[in-house]
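Student: The structure is given below, and queries will be raised subsequently.
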Amino acid sequence: MTFVPKTHPRYKSLLNREKVVEALDKGILAKAGLTAHGRGEAFDYLIGEETTDIALKSIKASAAMLVLAENPVISINGNTIALAKEEIVQLAEELNGKIEVNLFYRTKEREENIKKAFEEDSNIKEKIEDNKIKLLGIDDADKQIPNLDSLRGKVSEEGIYSSDVVLVPLEDGDRTEALVNMGKKVISIDLNPLSRTARKSTITIVDELTRCIPLLTKYIKEYKKIDKQELRKIIDEYDNKENLKEMLSYISNRLKNMELE
Ligand code: ATP
């Protein structure tokens, strides 16, 4: 990885950029994953590169939904692994351990490279061997999401196919819609509040992946200790359309009031 000095004002952003480039070199990320990352960076600028209170509401509702879920699955793609592999494993450990590889550009080679990326970390490998973490969607993606072309719609029976709640960081709109049409509750993480994914999801967290995953884990830990009725209330009081509207006015007010030096 190229050296990025910690004192650089854009340290975190540059580091994430390095991580996606490295994932591309390792055959984990498709080239299009770089442009998807760039779109995310642009929206993060507009948001102010911090977790807003509006996103926090979505994070809390998502945590409640994941705690109440019977068979939650975390869907991952190249960008997610590039940026937040360890954080995703920590999150999965608080749930049922199910992580499913779900690629837009699925090739056997990328699937194997992703498996390798998990197993080269001895800590994660041990967790997979101990069944604390289940890496699905590689050798067992033999079910099909209806109304999607065959490669993009391949899923694991034990994973997304039979899940009730799917967490999809950086998903595309088509697949989100297809999952919702299958009756799944879809929680997406997407910095773009205007995307089809954001609008089609049950809950959209408009925040940067590496900022919000640890927060989601923190609230899941907390919510596991509280009454289920209380969790249902958090979900009932949440309105995704309203949340996205709030996010858009937040961005627009931020821009209107911005002073350039
Ligand atoms: P859609 O099909 O949902 O309308 P899209 O064409 O933008 O949207 P993709 O390009 O597949 O879909 O998705 C990439 C999305 O992920 C973008 O909306 C981008 O804002 C978002 N994104 C990229 N990097 C991050 C990140 N680090 N954290 C959160 N979101 C991100």
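Quick note on naming: the chains in the structure tokens go A, B, ... in the order shown, residues restart at 1 in each chain, and ligands are numbered from 1 in order of appearance.
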Each residue of chain A lying at most 7 Å from ligand 1 should get a row with its shortest atom-to-atom pair and the distance in Å to one decimal, counting only C-alpha atoms and all ligand atoms; could you produce that, ordered by chain and increasing number, as JSON lines?

Tutor:
{"residue": "A:Ala36", "atom": "CA", "partner": "ligand 1", "partner_atom_place_in_ligand_line": "10 (O)", "distance": 4.4}
{"residue": "A:His37", "atom": "CA", "partner": "ligand 1", "partner_atom_place_in_ligand_line": "24 (N)", "distance": 3.9}
{"residue": "A:Gly38", "atom": "CA", "partner": "ligand 1", "partner_atom_place_in_ligand_line": "23 (C)", "distance": 6.6}
{"residue": "A:Arg39", "atom": "CA", "partner": "ligand 1", "partner_atom_place_in_ligand_line": "20 (O)", "distance": 4.9}
{"residue": "A:Gly40", "atom": "CA", "partner": "ligand 1", "partner_atom_place_in_ligand_line": "20 (O)", "distance": 3.4}
{"residue": "A:Glu41", "atom": "CA", "partner": "ligand 1", "partner_atom_place_in_ligand_line": "24 (N)", "distance": 6.4}
{"residue": "A:Phe43", "atom": "CA", "partner": "ligand 1", "partner_atom_place_in_ligand_line": "20 (O)", "distance": 6.2}
{"residue": "A:Pro169", "atom": "CA", "partner": "ligand 1", "partner_atom_place_in_ligand_line": "29 (C)", "distance": 6.8}
{"residue": "A:Leu170", "atom": "CA", "partner": "ligand 1", "partner_atom_place_in_ligand_line": "16 (O)", "distance": 4.1}
{"residue": "A:Glu171", "atom": "CA", "partner": "ligand 1", "partner_atom_place_in_ligand_line": "13 (O)", "distance": 5.4}
{"residue": "A:Asp172", "atom": "CA", "partner": "ligand 1", "partner_atom_place_in_ligand_line": "2 (O)", "distance": 3.9}
{"residue": "A:Gly173", "atom": "CA", "partner": "ligand 1", "partner_atom_place_in_ligand_line": "3 (O)", "distance": 3.6}
{"residue": "A:Asp174", "atom": "CA", "partner": "ligand 1", "partner_atom_place_in_ligand_line": "2 (O)", "distance": 6.2}
{"residue": "A:Ile189", "atom": "CA", "partner": "ligand 1", "partner_atom_place_in_ligand_line": "29 (C)", "distance": 5.5}
{"residue": "A:Asp190", "atom": "CA", "partner": "ligand 1", "partner_atom_place_in_ligand_line": "30 (N)", "distance": 3.8}
{"residue": "A:Leu191", "atom": "CA", "partner": "ligand 1", "partner_atom_place_in_ligand_line": "30 (N)", "distance": 4.2}
{"residue": "A:Asn192", "atom": "CA", "partner": "ligand 1", "partner_atom_place_in_ligand_line": "20 (O)", "distance": 4.3}
{"residue": "A:Ser195", "atom": "CA", "partner": "ligand 1", "partner_atom_place_in_ligand_line": "4 (O)", "distance": 3.7}
{"residue": "A:Arg196", "atom": "CA", "partner": "ligand 1", "partner_atom_place_in_ligand_line": "4 (O)", "distance": 3.7}
{"residue": "A:Thr197", "atom": "CA", "partner": "ligand 1", "partner_atom_place_in_ligand_line": "3 (O)", "distance": 3.6}
{"residue": "A:Ala198", "atom": "CA", "partner": "ligand 1", "partner_atom_place_in_ligand_line": "3 (O)", "distance": 6.3}
{"residue": "A:Asp207", "atom": "CA", "partner": "ligand 1", "partner_atom_place_in_ligand_line": "29 (C)", "distance": 5.7}
{"residue": "A:Glu208", "atom": "CA", "partner": "ligand 1", "partner_atom_place_in_ligand_line": "28 (N)", "distance": 3.6}
{"residue": "A:Leu209", "atom": "CA", "partner": "ligand 1", "partner_atom_place_in_ligand_line": "28 (N)", "distance": 3.8}
{"residue": "A:Thr210", "atom": "CA", "partner": "ligand 1", "partner_atom_place_in_ligand_line": "27 (N)", "distance": 6.6}

Student: Excluding Lys184 in chain A and residues on its chain fewer than 6 positions from it, collect all residues at most 9 Å away from it, counting only C-alpha atoms, and give them as a ChimeraX atom specification.

Tutor: /A:160,163-166,202

Student: Those selected residues, please, written with C-alpha atoms and delivered as an mmCIF file, in the first residue's frame.

Tutor:
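part.cif written:
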data_model
loop_
_atom_site.group_PDB
_atom_site.id
_atom_site.type_symbol
_atom_site.label_atom_id
_atom_site.label_comp_id
_atom_site.auth_asym_id
_atom_site.auth_seq_id
_atom_site.Cartn_x
_atom_site.Cartn_y
_atom_site.Cartn_z
ATOM 1 C CA ILE A 160 -30.124 -14.883 1.384
ATOM 2 C CA SER A 163 -33.353 -15.041 5.089
ATOM 3 C CA ASP A 164 -35.932 -12.672 6.507
ATOM 4 C CA VAL A 165 -33.629 -9.657 6.834
ATOM 5 C CA VAL A 166 -30.704 -8.887 4.503
ATOM 6 C CA THR A 202 -36.883 -1.099 3.942
#

Student: Could you check the closest approach to Ser156 in chain A for each of A:Lys134, A:His8, A:Lys185, A:Lys143 and tell me which residue wins, using only C-alpha atoms?

Tutor: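 Distance minimum relative to Ser156 in chain A lands on A:Lys143.
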
Student: Out of range 165-242 of chain A, which residues get strand (DSSP E) from DSSP, as a ChimeraX atom specification?

Tutor: /A:165-169,185-189,203-205

Student: Can you list, as a list in words, every protein, DNA or RNA residue that comes within 12 Å of Lys31 in chain A when you count only C-alpha atoms, leaving out same-chain residues fewer than 6 positions away?

Tutor: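 Within the cut-off, the hits are Val20, Val21, Glu22, Ala23, Leu24, Asp25, His37, Gly38, Gly78, Asn79, Phe104, Tyr105 and Arg110 of chain A.
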
Student: If we count only C-alpha atoms, what is near Arg106 in chain A at a cut-off of 9 Å, once residues fewer than 5 positions away on the same chain are taken out, given as a PDB file with C-alpha atoms, in the first residue's frame?

Tutor:
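That gives us around-v1.pdb:
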ATOM      1  CA  GLU A 111     -15.193 -15.779  -5.570  1.00  0.00           C
ATOM      2  CA  LEU A 151     -25.511 -14.686 -12.470  1.00  0.00           C
ATOM      3  CA  ARG A 152     -26.662 -11.656 -10.483  1.00  0.00           C
TER       4      ARG A 152
END

Student: Gly48 in chain A: which residues within 12 Å, counting only C-alpha atoms, same-chain residues fewer than 6 positions away excluded, as a PDB file with N, CA, C and O atoms, in the first residue's frame?

Tutor:
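result_35.pdb was written with the following content:
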ATOM      1  N   GLU A  41     -17.719   8.615  -2.452  1.00  0.00           N
ATOM      2  CA  GLU A  41     -16.873   9.704  -1.927  1.00  0.00           C
ATOM      3  C   GLU A  41     -17.525  11.058  -2.168  1.00  0.00           C
ATOM      4  O   GLU A  41     -17.509  11.930  -1.304  1.00  0.00           O
ATOM      5  N   ALA A  42     -18.077  11.230  -3.367  1.00  0.00           N
ATOM      6  CA  ALA A  42     -18.681  12.522  -3.711  1.00  0.00           C
ATOM      7  C   ALA A  42     -19.854  12.822  -2.782  1.00  0.00           C
ATOM      8  O   ALA A  42     -19.969  13.929  -2.254  1.00  0.00           O
ATOM      9  N   LEU A 191     -24.413   5.855   0.509  1.00  0.00           N
ATOM     10  CA  LEU A 191     -24.203   7.290   0.718  1.00  0.00           C
ATOM     11  C   LEU A 191     -25.074   8.151  -0.190  1.00  0.00           C
ATOM     12  O   LEU A 191     -25.217   9.351   0.042  1.00  0.00           O
ATOM     13  N   VAL A 206     -27.886   6.176   5.236  1.00  0.00           N
ATOM     14  CA  VAL A 206     -27.099   7.052   4.366  1.00  0.00           C
ATOM     15  C   VAL A 206     -25.848   7.467   5.144  1.00  0.00           C
ATOM     16  O   VAL A 206     -25.807   8.501   5.814  1.00  0.00           O
ATOM     17  N   ASP A 207     -24.873   6.604   5.098  1.00  0.00           N
ATOM     18  CA  ASP A 207     -23.634   6.858   5.825  1.00  0.00           C
ATOM     19  C   ASP A 207     -22.527   6.040   5.170  1.00  0.00           C
ATOM     20  O   ASP A 207     -22.801   5.100   4.404  1.00  0.00           O
ATOM     21  N   GLU A 208     -21.299   6.381   5.514  1.00  0.00           N
ATOM     22  CA  GLU A 208     -20.161   5.669   4.930  1.00  0.00           C
ATOM     23  C   GLU A 208     -20.009   4.325   5.653  1.00  0.00           C
ATOM     24  O   GLU A 208     -20.096   4.241   6.884  1.00  0.00           O
ATOM     25  N   MET A 247     -32.612  13.661   4.960  1.00  0.00           N
ATOM     26  CA  MET A 247     -31.213  13.637   4.515  1.00  0.00           C
ATOM     27  C   MET A 247     -30.996  14.627   3.362  1.00  0.00           C
ATOM     28  O   MET A 247     -30.009  15.358   3.327  1.00  0.00           O
ATOM     29  N   TYR A 250     -31.051  18.051   4.691  1.00  0.00           N
ATOM     30  CA  TYR A 250     -29.799  18.280   5.416  1.00  0.00           C
ATOM     31  C   TYR A 250     -28.691  18.692   4.434  1.00  0.00           C
ATOM     32  O   TYR A 250     -27.989  19.679   4.643  1.00  0.00           O
ATOM     33  N   ILE A 251     -28.594  17.938   3.341  1.00  0.00           N
ATOM     34  CA  ILE A 251     -27.545  18.229   2.354  1.00  0.00           C
ATOM     35  C   ILE A 251     -27.797  19.604   1.731  1.00  0.00           C
ATOM     36  O   ILE A 251     -26.885  20.433   1.618  1.00  0.00           O
ATOM     37  N   SER A 252     -29.052  19.860   1.379  1.00  0.00           N
ATOM     38  CA  SER A 252     -29.308  21.116   0.700  1.00  0.00           C
ATOM     39  C   SER A 252     -29.074  22.311   1.638  1.00  0.00           C
ATOM     40  O   SER A 252     -28.481  23.306   1.244  1.00  0.00           O
ATOM     41  N   ASN A 253     -29.466  22.200   2.905  1.00  0.00           N
ATOM     42  CA  ASN A 253     -29.197  23.294   3.855  1.00  0.00           C
ATOM     43  C   ASN A 253     -27.706  23.485   4.081  1.00  0.00           C
ATOM     44  O   ASN A 253     -27.207  24.592   4.190  1.00  0.00           O
ATOM     45  N   ARG A 254     -27.019  22.366   4.130  1.00  0.00           N
ATOM     46  CA  ARG A 254     -25.578  22.422   4.348  1.00  0.00           C
ATOM     47  C   ARG A 254     -24.913  23.193   3.197  1.00  0.00           C
ATOM     48  O   ARG A 254     -24.048  24.033   3.403  1.00  0.00           O
ATOM     49  N   LEU A 255     -25.368  22.923   1.987  1.00  0.00           N
ATOM     50  CA  LEU A 255     -24.771  23.588   0.827  1.00  0.00           C
ATOM     51  C   LEU A 255     -25.149  25.071   0.800  1.00  0.00           C
ATOM     52  O   LEU A 255     -24.307  25.923   0.516  1.00  0.00           O
ATOM     53  N   MET A 258     -23.118  27.030   3.289  1.00  0.00           N
ATOM     54  CA  MET A 258     -21.674  26.805   3.268  1.00  0.00           C
ATOM     55  C   MET A 258     -20.930  28.083   2.888  1.00  0.00           C
ATOM     56  O   MET A 258     -21.305  28.772   1.944  1.00  0.00           O
TER      57      MET A 258
END

Student: Hey, what's within 9 Å of Leu68 in chain A if we count only C-alpha atoms and toss same-chain stuff fewer than 5 positions away? As a list in words, please?

Tutor: Ala63, Lys224, Lys228, Leu231 and Arg232 of chain A

Student: Between A:Thr217, A:Asn257, A:Ser150, A:Asn123, which one has atoms that come closest to Lys60 in chain A, using only C-alpha atoms?

Tutor: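 Going through A:Thr217, A:Asn257, A:Ser150, A:Asn123 one by one, the smallest distance to Lys60 in chain A is for A:Thr217.
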
Student: Which residues come within 12 Å of Lys98 in chain A, counting only C-alpha atoms, excluding same-chain residues fewer than 5 positions away, as a PyMOL selection string?

Tutor: chain A and resi 70-76+88-93+127-128+131-137+156-160+162-163+165-167

Student: Hey, can you spit out that residue selection with N, CA, C and O atoms as a CSV table (one decimal), in the first residue's frame?

Tutor:
chain,number,residue,atom,x,y,z
A,70,GLU,N,-35.1,-13.5,12.4
A,70,GLU,CA,-34.9,-14.9,12.7
A,70,GLU,C,-33.7,-15.5,11.9
A,70,GLU,O,-33.0,-16.4,12.4
A,71,ASN,N,-33.5,-15.0,10.7
A,71,ASN,CA,-32.4,-15.5,9.9
A,71,ASN,C,-31.8,-14.3,9.1
A,71,ASN,O,-31.9,-14.2,7.9
A,72,PRO,N,-31.0,-13.5,9.8
A,72,PRO,CA,-30.4,-12.3,9.1
A,72,PRO,C,-29.2,-12.8,8.4
A,72,PRO,O,-28.5,-13.7,8.8
A,73,VAL,N,-28.9,-12.1,7.2
A,73,VAL,CA,-27.7,-12.4,6.4
A,73,VAL,C,-27.1,-11.1,6.0
A,73,VAL,O,-27.8,-10.1,5.7
A,74,ILE,N,-25.8,-11.1,6.1
A,74,ILE,CA,-25.0,-9.9,5.7
A,74,ILE,C,-24.5,-10.2,4.3
A,74,ILE,O,-23.7,-11.1,4.1
A,75,SER,N,-25.0,-9.4,3.3
A,75,SER,CA,-24.5,-9.7,1.9
A,75,SER,C,-23.3,-8.8,1.7
A,75,SER,O,-23.2,-7.6,2.1
A,76,ILE,N,-22.3,-9.4,1.1
A,76,ILE,CA,-21.0,-8.6,0.9
A,76,ILE,C,-20.6,-8.7,-0.6
A,76,ILE,O,-20.8,-9.6,-1.3
A,88,ILE,N,-17.1,-6.3,9.4
A,88,ILE,CA,-18.2,-7.2,9.0
A,88,ILE,C,-18.2,-8.5,9.8
A,88,ILE,O,-19.3,-8.9,10.2
A,89,VAL,N,-17.1,-9.0,10.0
A,89,VAL,CA,-17.0,-10.3,10.8
A,89,VAL,C,-17.4,-10.0,12.2
A,89,VAL,O,-18.2,-10.8,12.8
A,90,GLN,N,-17.0,-8.9,12.8
A,90,GLN,CA,-17.4,-8.6,14.1
A,90,GLN,C,-18.9,-8.4,14.2
A,90,GLN,O,-19.6,-8.9,15.2
A,91,LEU,N,-19.5,-7.8,13.2
A,91,LEU,CA,-21.0,-7.6,13.1
A,91,LEU,C,-21.7,-9.0,13.0
A,91,LEU,O,-22.6,-9.3,13.8
A,92,ALA,N,-21.2,-9.8,12.1
A,92,ALA,CA,-21.8,-11.1,11.9
A,92,ALA,C,-21.8,-12.0,13.2
A,92,ALA,O,-22.7,-12.7,13.5
A,93,GLU,N,-20.7,-11.8,14.0
A,93,GLU,CA,-20.5,-12.6,15.2
A,93,GLU,C,-21.6,-12.2,16.2
A,93,GLU,O,-22.0,-13.0,17.1
A,127,LYS,N,-12.4,-18.5,13.1
A,127,LYS,CA,-13.8,-18.4,13.3
A,127,LYS,C,-14.7,-19.1,12.3
A,127,LYS,O,-15.7,-19.7,12.7
A,128,ILE,N,-14.2,-19.2,11.1
A,128,ILE,CA,-14.9,-20.0,10.1
A,128,ILE,C,-14.8,-21.5,10.4
A,128,ILE,O,-15.9,-22.2,10.4
A,131,ASN,N,-17.1,-22.5,13.1
A,131,ASN,CA,-18.5,-22.2,12.7
A,131,ASN,C,-19.1,-21.0,13.4
A,131,ASN,O,-20.4,-20.9,13.4
A,132,LYS,N,-18.3,-20.1,13.8
A,132,LYS,CA,-18.8,-18.8,14.4
A,132,LYS,C,-19.2,-17.9,13.3
A,132,LYS,O,-20.1,-17.1,13.4
A,133,ILE,N,-18.5,-18.1,12.2
A,133,ILE,CA,-18.8,-17.3,10.9
A,133,ILE,C,-19.0,-18.3,9.8
A,133,ILE,O,-18.3,-19.3,9.7
A,134,LYS,N,-20.1,-18.0,9.0
A,134,LYS,CA,-20.4,-18.9,7.9
A,134,LYS,C,-20.2,-18.1,6.6
A,134,LYS,O,-21.0,-17.1,6.4
A,135,LEU,N,-19.3,-18.4,5.8
A,135,LEU,CA,-19.1,-17.7,4.5
A,135,LEU,C,-19.9,-18.4,3.4
A,135,LEU,O,-19.5,-19.5,2.9
A,136,LEU,N,-21.0,-17.8,3.1
A,136,LEU,CA,-21.9,-18.5,2.2
A,136,LEU,C,-21.8,-17.8,0.8
A,136,LEU,O,-21.2,-16.8,0.6
A,137,GLY,N,-22.5,-18.5,-0.2
A,137,GLY,CA,-22.6,-17.8,-1.5
A,137,GLY,C,-21.4,-18.1,-2.5
A,137,GLY,O,-21.3,-17.6,-3.6
A,156,SER,N,-27.4,-18.3,-1.9
A,156,SER,CA,-27.3,-19.6,-1.2
A,156,SER,C,-28.7,-19.8,-0.5
A,156,SER,O,-29.3,-18.9,0.0
A,157,GLU,N,-29.1,-21.1,-0.5
A,157,GLU,CA,-30.3,-21.5,0.2
A,157,GLU,C,-30.3,-21.1,1.7
A,157,GLU,O,-31.2,-20.6,2.3
A,158,GLU,N,-29.1,-21.5,2.3
A,158,GLU,CA,-29.0,-21.3,3.7
A,158,GLU,C,-28.9,-19.8,4.1
A,158,GLU,O,-29.1,-19.4,5.2
A,159,GLY,N,-28.5,-19.0,3.1
A,159,GLY,CA,-28.3,-17.6,3.3
A,159,GLY,C,-29.4,-16.7,2.8
A,159,GLY,O,-30.5,-16.8,3.3
A,160,ILE,N,-29.1,-15.9,1.8
A,160,ILE,CA,-30.1,-14.9,1.4
A,160,ILE,C,-31.5,-15.5,1.0
A,160,ILE,O,-32.5,-15.0,1.4
A,162,SER,N,-33.2,-18.0,2.1
A,162,SER,CA,-34.2,-18.3,3.2
A,162,SER,C,-34.2,-17.2,4.3
A,162,SER,O,-34.8,-17.3,5.4
A,163,SER,N,-33.5,-16.1,4.0
A,163,SER,CA,-33.4,-15.0,5.1
A,163,SER,C,-34.7,-14.3,5.2
A,163,SER,O,-35.5,-14.2,4.3
A,165,VAL,N,-34.2,-11.0,6.9
A,165,VAL,CA,-33.6,-9.7,6.8
A,165,VAL,C,-32.2,-9.7,6.2
A,165,VAL,O,-31.4,-10.6,6.6
A,166,VAL,N,-32.0,-8.9,5.2
A,166,VAL,CA,-30.7,-8.9,4.5
A,166,VAL,C,-30.1,-7.5,4.6
A,166,VAL,O,-30.7,-6.5,4.3
A,167,LEU,N,-28.9,-7.5,5.1
A,167,LEU,CA,-28.1,-6.2,5.2
A,167,LEU,C,-27.3,-6.2,3.9
A,167,LEU,O,-26.4,-7.0,3.6

Student: Calculate how many Å separate CA of Ala30 in chain A from CA of Glu94 in chain A, rounding to one decimal.

Tutor: 29.2 Å

Student: For a test of reading the model, state the distance in Å between CA of Ser58 in chain A and CA of Leu29 in chain A, rounded to one decimal.

Tutor: 27.4 Å

Student: Could you check how far CA of Arg175 in chain A sits from CA of Ile205 in chain A, in Å to one decimal?

Tutor: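 Atom-to-atom, CA of Arg175 in chain A and CA of Ile205 in chain A are spaced 16.9 Å apart.
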
Student: Where does DSSP see helix (DSSP H, G or I) in range 4-130 of chain A, if you list the residues as number ranges by chain?

Tutor: A: 11-25, 31-47, 53-68, 78-94, 108-119, 122-129
